[in-house]
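So this block is run.pdb, PDB, C-alpha atoms and all ligand atoms:
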```pdb
ATOM      1  CA  MET F   1     119.565 115.189 -38.220
ATOM      2  CA  GLU F   2     121.780 112.350 -36.980
ATOM      3  CA  THR F   3     120.154 111.200 -33.784
ATOM      4  CA  LYS F   4     122.669 108.446 -33.157
ATOM      5  CA  SER F   5     125.641 110.662 -32.449
ATOM      6  CA  ILE F   6     123.863 113.179 -30.274
ATOM      7  CA  SER F   7     125.545 113.482 -26.892
ATOM      8  CA  PRO F   8     124.182 114.571 -23.501
ATOM      9  CA  HIS F   9     126.189 117.768 -24.014
ATOM     10  CA  ASP F  10     124.389 118.497 -27.307
ATOM     11  CA  ILE F  11     121.023 117.922 -25.700
ATOM     12  CA  LEU F  12     121.811 120.274 -22.840
ATOM     13  CA  THR F  13     123.182 122.906 -25.224
ATOM     14  CA  ASN F  14     120.038 122.742 -27.353
ATOM     15  CA  TYR F  15     117.822 122.896 -24.314
ATOM     16  CA  LEU F  16     119.584 125.907 -22.801
ATOM     17  CA  GLU F  17     119.563 127.750 -26.114
ATOM     18  CA  SER F  18     115.892 127.121 -26.770
ATOM     19  CA  HIS F  19     114.976 128.213 -23.238
ATOM     20  CA  SER F  20     117.246 131.276 -23.293
ATOM     21  CA  LEU F  21     119.243 129.965 -20.356
ATOM     22  CA  ARG F  22     122.927 130.616 -19.904
ATOM     23  CA  LYS F  23     125.403 127.929 -20.928
ATOM     24  CA  THR F  24     127.440 128.061 -17.750
ATOM     25  CA  ALA F  25     130.449 125.830 -17.128
ATOM     26  CA  GLU F  26     128.757 124.818 -13.908
ATOM     27  CA  ARG F  27     125.782 123.284 -15.697
ATOM     28  CA  PHE F  28     128.040 121.161 -17.878
ATOM     29  CA  ALA F  29     130.179 120.188 -14.910
ATOM     30  CA  ILE F  30     127.093 118.872 -13.118
ATOM     31  CA  LEU F  31     126.049 116.978 -16.230
ATOM     32  CA  ASP F  32     129.537 115.484 -16.603
ATOM     33  CA  GLU F  33     129.669 114.471 -12.979
ATOM     34  CA  ILE F  34     126.364 112.628 -13.279
ATOM     35  CA  TYR F  35     127.122 111.014 -16.605
ATOM     36  CA  SER F  36     130.651 109.958 -15.709
ATOM     37  CA  SER F  37     130.037 108.413 -12.341
ATOM     38  CA  PHE F  38     126.502 107.690 -11.306
ATOM     39  CA  GLY F  39     123.842 105.069 -11.698
ATOM     40  CA  HIS F  40     121.228 105.904  -9.105
ATOM     41  CA  PHE F  41     121.921 108.823  -6.817
ATOM     42  CA  ASP F  42     120.377 111.401  -4.536
ATOM     43  CA  ILE F  43     121.245 115.093  -4.418
ATOM     44  CA  GLU F  44     123.329 114.794  -1.228
ATOM     45  CA  THR F  45     125.538 112.118  -2.807
ATOM     46  CA  LEU F  46     126.070 114.274  -5.879
ATOM     47  CA  TYR F  47     126.814 117.282  -3.695
ATOM     48  CA  GLU F  48     129.391 115.403  -1.611
ATOM     49  CA  SER F  49     131.019 113.938  -4.683
ATOM     50  CA  MET F  50     131.427 117.334  -6.334
ATOM     51  CA  LYS F  51     132.704 118.851  -3.108
ATOM     52  CA  LYS F  52     135.369 116.137  -2.872
ATOM     53  CA  LYS F  53     136.581 117.153  -6.320
ATOM     54  CA  ASN F  54     136.833 120.731  -5.062
ATOM     55  CA  TYR F  55     133.967 121.824  -7.213
ATOM     56  CA  ARG F  56     132.120 124.557  -5.373
ATOM     57  CA  VAL F  57     128.463 124.275  -6.082
ATOM     58  CA  SER F  58     125.620 124.999  -3.678
ATOM     59  CA  LEU F  59     122.773 122.617  -2.950
ATOM     60  CA  THR F  60     120.346 125.211  -4.294
ATOM     61  CA  THR F  61     122.235 125.362  -7.573
ATOM     62  CA  LEU F  62     122.249 121.584  -7.754
ATOM     63  CA  TYR F  63     118.495 121.376  -7.217
ATOM     64  CA  SER F  64     117.725 123.943  -9.888
ATOM     65  CA  ASN F  65     120.092 122.321 -12.371
ATOM     66  CA  ILE F  66     118.685 118.870 -11.672
ATOM     67  CA  ASP F  67     115.263 120.250 -12.624
ATOM     68  CA  ILE F  68     116.724 121.538 -15.874
ATOM     69  CA  LEU F  69     118.287 118.153 -16.646
ATOM     70  CA  ILE F  70     114.996 116.396 -15.936
ATOM     71  CA  ASP F  71     113.111 118.834 -18.136
ATOM     72  CA  ALA F  72     115.687 118.351 -20.890
ATOM     73  CA  GLY F  73     115.103 114.601 -20.695
ATOM     74  CA  LEU F  74     118.623 113.813 -19.490
ATOM     75  CA  LEU F  75     117.610 112.676 -16.037
ATOM     76  CA  VAL F  76     114.684 110.858 -14.573
ATOM     77  CA  LYS F  77     113.418 111.185 -11.006
ATOM     78  CA  HIS F  78     112.233 108.032  -9.294
ATOM     79  CA  GLN F  79     110.063 108.479  -6.252
ATOM     80  CA  PHE F  80     110.988 105.360  -4.352
ATOM     81  CA  ASP F  81     109.776 105.231  -0.766
ATOM     82  CA  LYS F  82     113.126 106.302   0.695
ATOM     83  CA  GLY F  83     113.018 109.628  -1.127
ATOM     84  CA  ASN F  84     113.907 110.968  -4.525
ATOM     85  CA  THR F  85     116.438 109.022  -6.516
ATOM     86  CA  TYR F  86     117.777 110.308  -9.800
ATOM     87  CA  GLU F  87     119.159 108.455 -12.746
ATOM     88  CA  LYS F  88     120.534 109.393 -16.143
ATOM     89  CA  THR F  89     118.444 108.490 -19.157
ATOM     90  CA  MET F  90     121.172 108.099 -21.785
ATOM     91  CA  ASP F  91     124.108 105.653 -21.758
ATOM     92  CA  CYS F  92     122.187 103.146 -19.735
ATOM     93  CA  ILE F  93     120.336 100.020 -20.665
ATOM     94  CA  ARG F  94     116.574 100.011 -20.288
ATOM     95  CA  HIS F  95     115.742  98.418 -16.946
ATOM     96  CA  ASP F  96     113.265  98.244 -14.116
ATOM     97  CA  HIS F  97     113.891  98.321 -10.396
ATOM     98  CA  PHE F  98     113.743  95.982  -7.473
ATOM     99  CA  ILE F  99     114.069  97.540  -4.049
ATOM    100  CA  CYS F 100     114.971  95.461  -1.038
ATOM    101  CA  ARG F 101     112.851  96.294   2.009
ATOM    102  CA  GLN F 102     115.574  94.911   4.256
ATOM    103  CA  CYS F 103     118.787  96.619   3.103
ATOM    104  CA  GLY F 104     117.232  99.347   0.982
ATOM    105  CA  LYS F 105     119.406  98.547  -1.991
ATOM    106  CA  ILE F 106     118.086  99.402  -5.450
ATOM    107  CA  TYR F 107     118.691  96.660  -7.991
ATOM    108  CA  GLU F 108     118.334  96.992 -11.718
ATOM    109  CA  VAL F 109     116.386  94.180 -13.282
ATOM    110  CA  SER F 110     115.867  93.487 -16.936
ATOM    111  CA  LEU F 111     112.462  91.928 -17.563
ATOM    112  CA  SER F 112     111.544  90.609 -20.978
ATOM    113  CA  LYS F 113     107.858  90.160 -20.129
ATOM    114  CA  VAL F 114     107.387  93.908 -19.662
ATOM    115  CA  GLU F 115     107.196  94.181 -23.436
ATOM    116  CA  ASP F 116     104.261  91.738 -23.359
ATOM    117  CA  VAL F 117     102.501  93.980 -20.855
ATOM    118  CA  LYS F 118     102.877  96.949 -23.185
ATOM    119  CA  GLU F 119     101.503  94.847 -26.009
ATOM    120  CA  GLU F 120      98.555  93.818 -23.852
ATOM    121  CA  VAL F 121      97.742  97.415 -22.963
ATOM    122  CA  SER F 122      97.812  98.357 -26.591
ATOM    123  CA  GLN F 123      95.599  95.434 -27.622
ATOM    124  CA  LYS F 124      93.119  95.656 -24.749
ATOM    125  CA  TYR F 125      92.750  99.413 -24.583
ATOM    126  CA  GLY F 126      94.155 100.678 -27.847
ATOM    127  CA  PHE F 127      96.731 102.825 -26.048
ATOM    128  CA  ASP F 128     100.244 103.431 -27.347
ATOM    129  CA  VAL F 129     102.722 103.009 -24.501
ATOM    130  CA  ALA F 130     105.621 105.457 -24.717
ATOM    131  CA  SER F 131     107.349 104.757 -21.422
ATOM    132  CA  HIS F 132     106.848 102.982 -18.137
ATOM    133  CA  PHE F 133     108.266 102.734 -14.649
ATOM    134  CA  LEU F 134     108.070  99.489 -12.818
ATOM    135  CA  THR F 135     109.294  99.121  -9.274
ATOM    136  CA  LEU F 136     109.167  95.843  -7.426
ATOM    137  CA  TYR F 137     109.597  95.590  -3.669
ATOM    138  CA  GLY F 138     110.662  92.633  -1.580
ATOM    139  CA  ILE F 139     113.705  90.982  -0.045
ATOM    140  CA  CYS F 140     116.884  90.553  -2.066
ATOM    141  CA  SER F 141     118.876  87.331  -2.329
ATOM    142  CA  ASN F 142     121.698  88.661  -0.112
ATOM    143  CA  CYS F 143     119.319  89.479   2.718
ATOM    144  CA  LYS F 144     117.573  86.148   2.311
ATOM    145  CA  GLU F 145     120.915  84.360   2.676
ATOM    146  CA  LEU F 146     121.843  86.347   5.791
ATOM    147  CA  LYS F 147     118.484  85.531   7.283
ATOM    148  CA  ASN F 148     118.952  81.822   6.657
ATOM    149  CA  LYS F 149     122.395  81.806   8.288
ATOM    150  CA  LYS F 150     121.033  83.187  11.560
TER
HETATM  151 ZN    ZN G 201     118.602  93.284   0.736
HETATM  152 ZN    ZN G 202     117.885 102.328 -12.567
END
```

Represent the structure of the file as structure tokens.
Ligand SMILES: [Zn+2]
Ligand SMILES: [Zn+2]
Amino acid sequence: METKSISPHDILTNYLESHSLRKTAERFAILDEIYSSFGHFDIETLYESMKKKNYRVSLTTLYSNIDILIDAGLLVKHQFDKGNTYEKTMDCIRHDHFICRQCGKIYEVSLSKVEDVKEEVSQKYGFDVASHFLTLYGICSNCKELKNKK
């Protein structure tokens, strides 16, 4: 099987078929909305955005479909301290997160040393690391600048 050309649509189709779930237009519309426009988002943002495009979908439907997308490996749920934040897993570059305590903004950071940490875990403990989530908290450069101006 060609893994390179597999699209989010294919993954969802396979998932729905193997779980005997219906391939509704709604499910694909939700997937498209997420994959075409969002980095990090919460359910309310997604709901508002779909409503603006005159797509009628209830919050309940969104929640249940988000669970399907997570289970299918198309979405990941981050439990940052301001609540659940979702993010697509395909079409995005591997990154970690920095969250500003001041403005609440989520930044994506690319850290080369994380690979060393994985290597260390494997050498020290003999574990194979498959995935990781790293979230750093602090004050971002914008907020630091604002603070200094005051
Ligand atoms: Zn900030
Ligand atoms: Zn992210």

Excluding same-chain residues fewer than 5 positions from Ser131 of chain F, what lies within 12 Å of it counting only C-alpha atoms, as a PDB file with C-alpha atoms, in the frame of the given file?
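Generated file (result.pdb):
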```
ATOM      1  CA  VAL F  76     114.684 110.858 -14.573  1.00  0.00           C
ATOM      2  CA  THR F  89     118.444 108.490 -19.157  1.00  0.00           C
ATOM      3  CA  ARG F  94     116.574 100.011 -20.288  1.00  0.00           C
ATOM      4  CA  HIS F  95     115.742  98.418 -16.946  1.00  0.00           C
ATOM      5  CA  ASP F  96     113.265  98.244 -14.116  1.00  0.00           C
ATOM      6  CA  VAL F 114     107.387  93.908 -19.662  1.00  0.00           C
ATOM      7  CA  GLU F 115     107.196  94.181 -23.436  1.00  0.00           C
ATOM      8  CA  VAL F 117     102.501  93.980 -20.855  1.00  0.00           C
ATOM      9  CA  LYS F 118     102.877  96.949 -23.185  1.00  0.00           C
TER      10      LYS F 118
END
```

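Take atom CA of Tyr86 of chain F and atom CA of Ser110 of chain F: the distance between them is 18.4 Å.
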
How close does each residue of chain F get to ligand ZN 201 (chain G), giving the shortest atom pair and distance in Å to one decimal for every residue with an atom at most 10 Å away, counting only C-alpha atoms and all ligand atoms, sorted by chain and residue number, as a tab-separated table?
```
residue	atom	partner	partner_atom	distance
F:Phe98	CA	G:ZN201	ZN	9.9
F:Ile99	CA	G:ZN201	ZN	7.8
F:Cys100	CA	G:ZN201	ZN	4.6
F:Arg101	CA	G:ZN201	ZN	6.6
F:Gln102	CA	G:ZN201	ZN	4.9
F:Cys103	CA	G:ZN201	ZN	4.1
F:Gly104	CA	G:ZN201	ZN	6.2
F:Lys105	CA	G:ZN201	ZN	6.0
F:Ile106	CA	G:ZN201	ZN	8.7
F:Tyr107	CA	G:ZN201	ZN	9.4
F:Gly138	CA	G:ZN201	ZN	8.3
F:Ile139	CA	G:ZN201	ZN	5.5
F:Cys140	CA	G:ZN201	ZN	4.3
F:Ser141	CA	G:ZN201	ZN	6.7
F:Asn142	CA	G:ZN201	ZN	5.6
F:Cys143	CA	G:ZN201	ZN	4.3
F:Lys144	CA	G:ZN201	ZN	7.4
F:Glu145	CA	G:ZN201	ZN	9.4
F:Leu146	CA	G:ZN201	ZN	9.2
```

Using the chain letters and numbering of this document, enumerate as an MDAnalysis selection string the residues selected by the PyMOL selection byres (((not hetatm)) within 7 of (chain G and resi 202)).
chainID F and resid 39:40 87 95:97 108

Which residue out of F:Ser58, F:Met50, F:Asp91, F:Ile11 has the minimum interatomic distance to Ile70 of chain F when all atoms listed in the file are used?
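Ranking F:Ser58, F:Met50, F:Asp91, F:Ile11 by distance to Ile70 of chain F, first place goes to F:Ile11.
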
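Atom CA of Ala25 of chain F to atom CA of Lys52 of chain F spans 17.9 Å [interatomic distance, one decimal].
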
My list of candidates is F:Leu21, F:Met90, F:Ile66, F:Leu59. Which is closest to Tyr35 of chain F when distances are computed with all atoms listed in the file?
F:Met90

If you count all atoms listed in the file, the residue of F:Tyr15, F:Tyr47, F:Phe41, F:Tyr137 closest to Gly73 of chain F turns out to be F:Tyr15

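Nearest residue to Asn84 of chain F among F:Ile43, F:Leu134, F:Val121, F:Leu12 is F:Ile43, counting all atoms listed in the file.
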
I'd like the neighbourhood of Leu62 of chain F as a list in words, where a residue qualifies if any of its atoms comes within 12 Å (using only C-alpha atoms), though same-chain residues fewer than 2 positions away should be ignored.
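In the requested format, the answer is Glu26, Arg27, Phe28, Ala29, Ile30, Leu31, Glu33, Ile34, Asp42, Ile43, Glu44, Thr45, Leu46, Tyr47, Glu48, Met50, Lys51, Tyr55, Arg56, Val57, Ser58, Leu59, Thr60, Ser64, Asn65, Ile66, Asp67, Ile68 and Leu69 of chain F.
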
Please define a box with edges along x, y and z of the file around all atoms of segment 6-25 of chain F given in the file, extend it by 8 Å on each side, and return its centre and edge lengths in Å to one decimal, as AutoDock Vina command-line options.
```
--center_x 122.7 --center_y 122.2 --center_z -23.7 --size_x 31.5 --size_y 34.1 --size_z 29.1
```

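Here atom CA of Lys82 of chain F is placed at a distance of 27.5 Å from atom CA of Val129 of chain F.
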
Can you list, as a list in words, every protein, DNA or RNA residue that comes within 10 Å of Asn14 of chain F when you count all atoms listed in the file, leaving out same-chain residues fewer than 6 positions away?
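Listing them by chain and then by number gives Pro8, Ser20, Lys23 and Ala72 of chain F.
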
Store the residues picked out above, limited to C-alpha atoms, as a short mmCIF file (atom, residue, chain, number, x, y, z; two decimals), in the coordinates of the input.
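And here's out_3.cif as it stands now:
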```cif
data_model
loop_
_atom_site.label_atom_id
_atom_site.label_comp_id
_atom_site.auth_asym_id
_atom_site.auth_seq_id
_atom_site.Cartn_x
_atom_site.Cartn_y
_atom_site.Cartn_z
CA PRO F 8 124.18 114.57 -23.50
CA SER F 20 117.25 131.28 -23.29
CA LYS F 23 125.40 127.93 -20.93
CA ALA F 72 115.69 118.35 -20.89
#
```
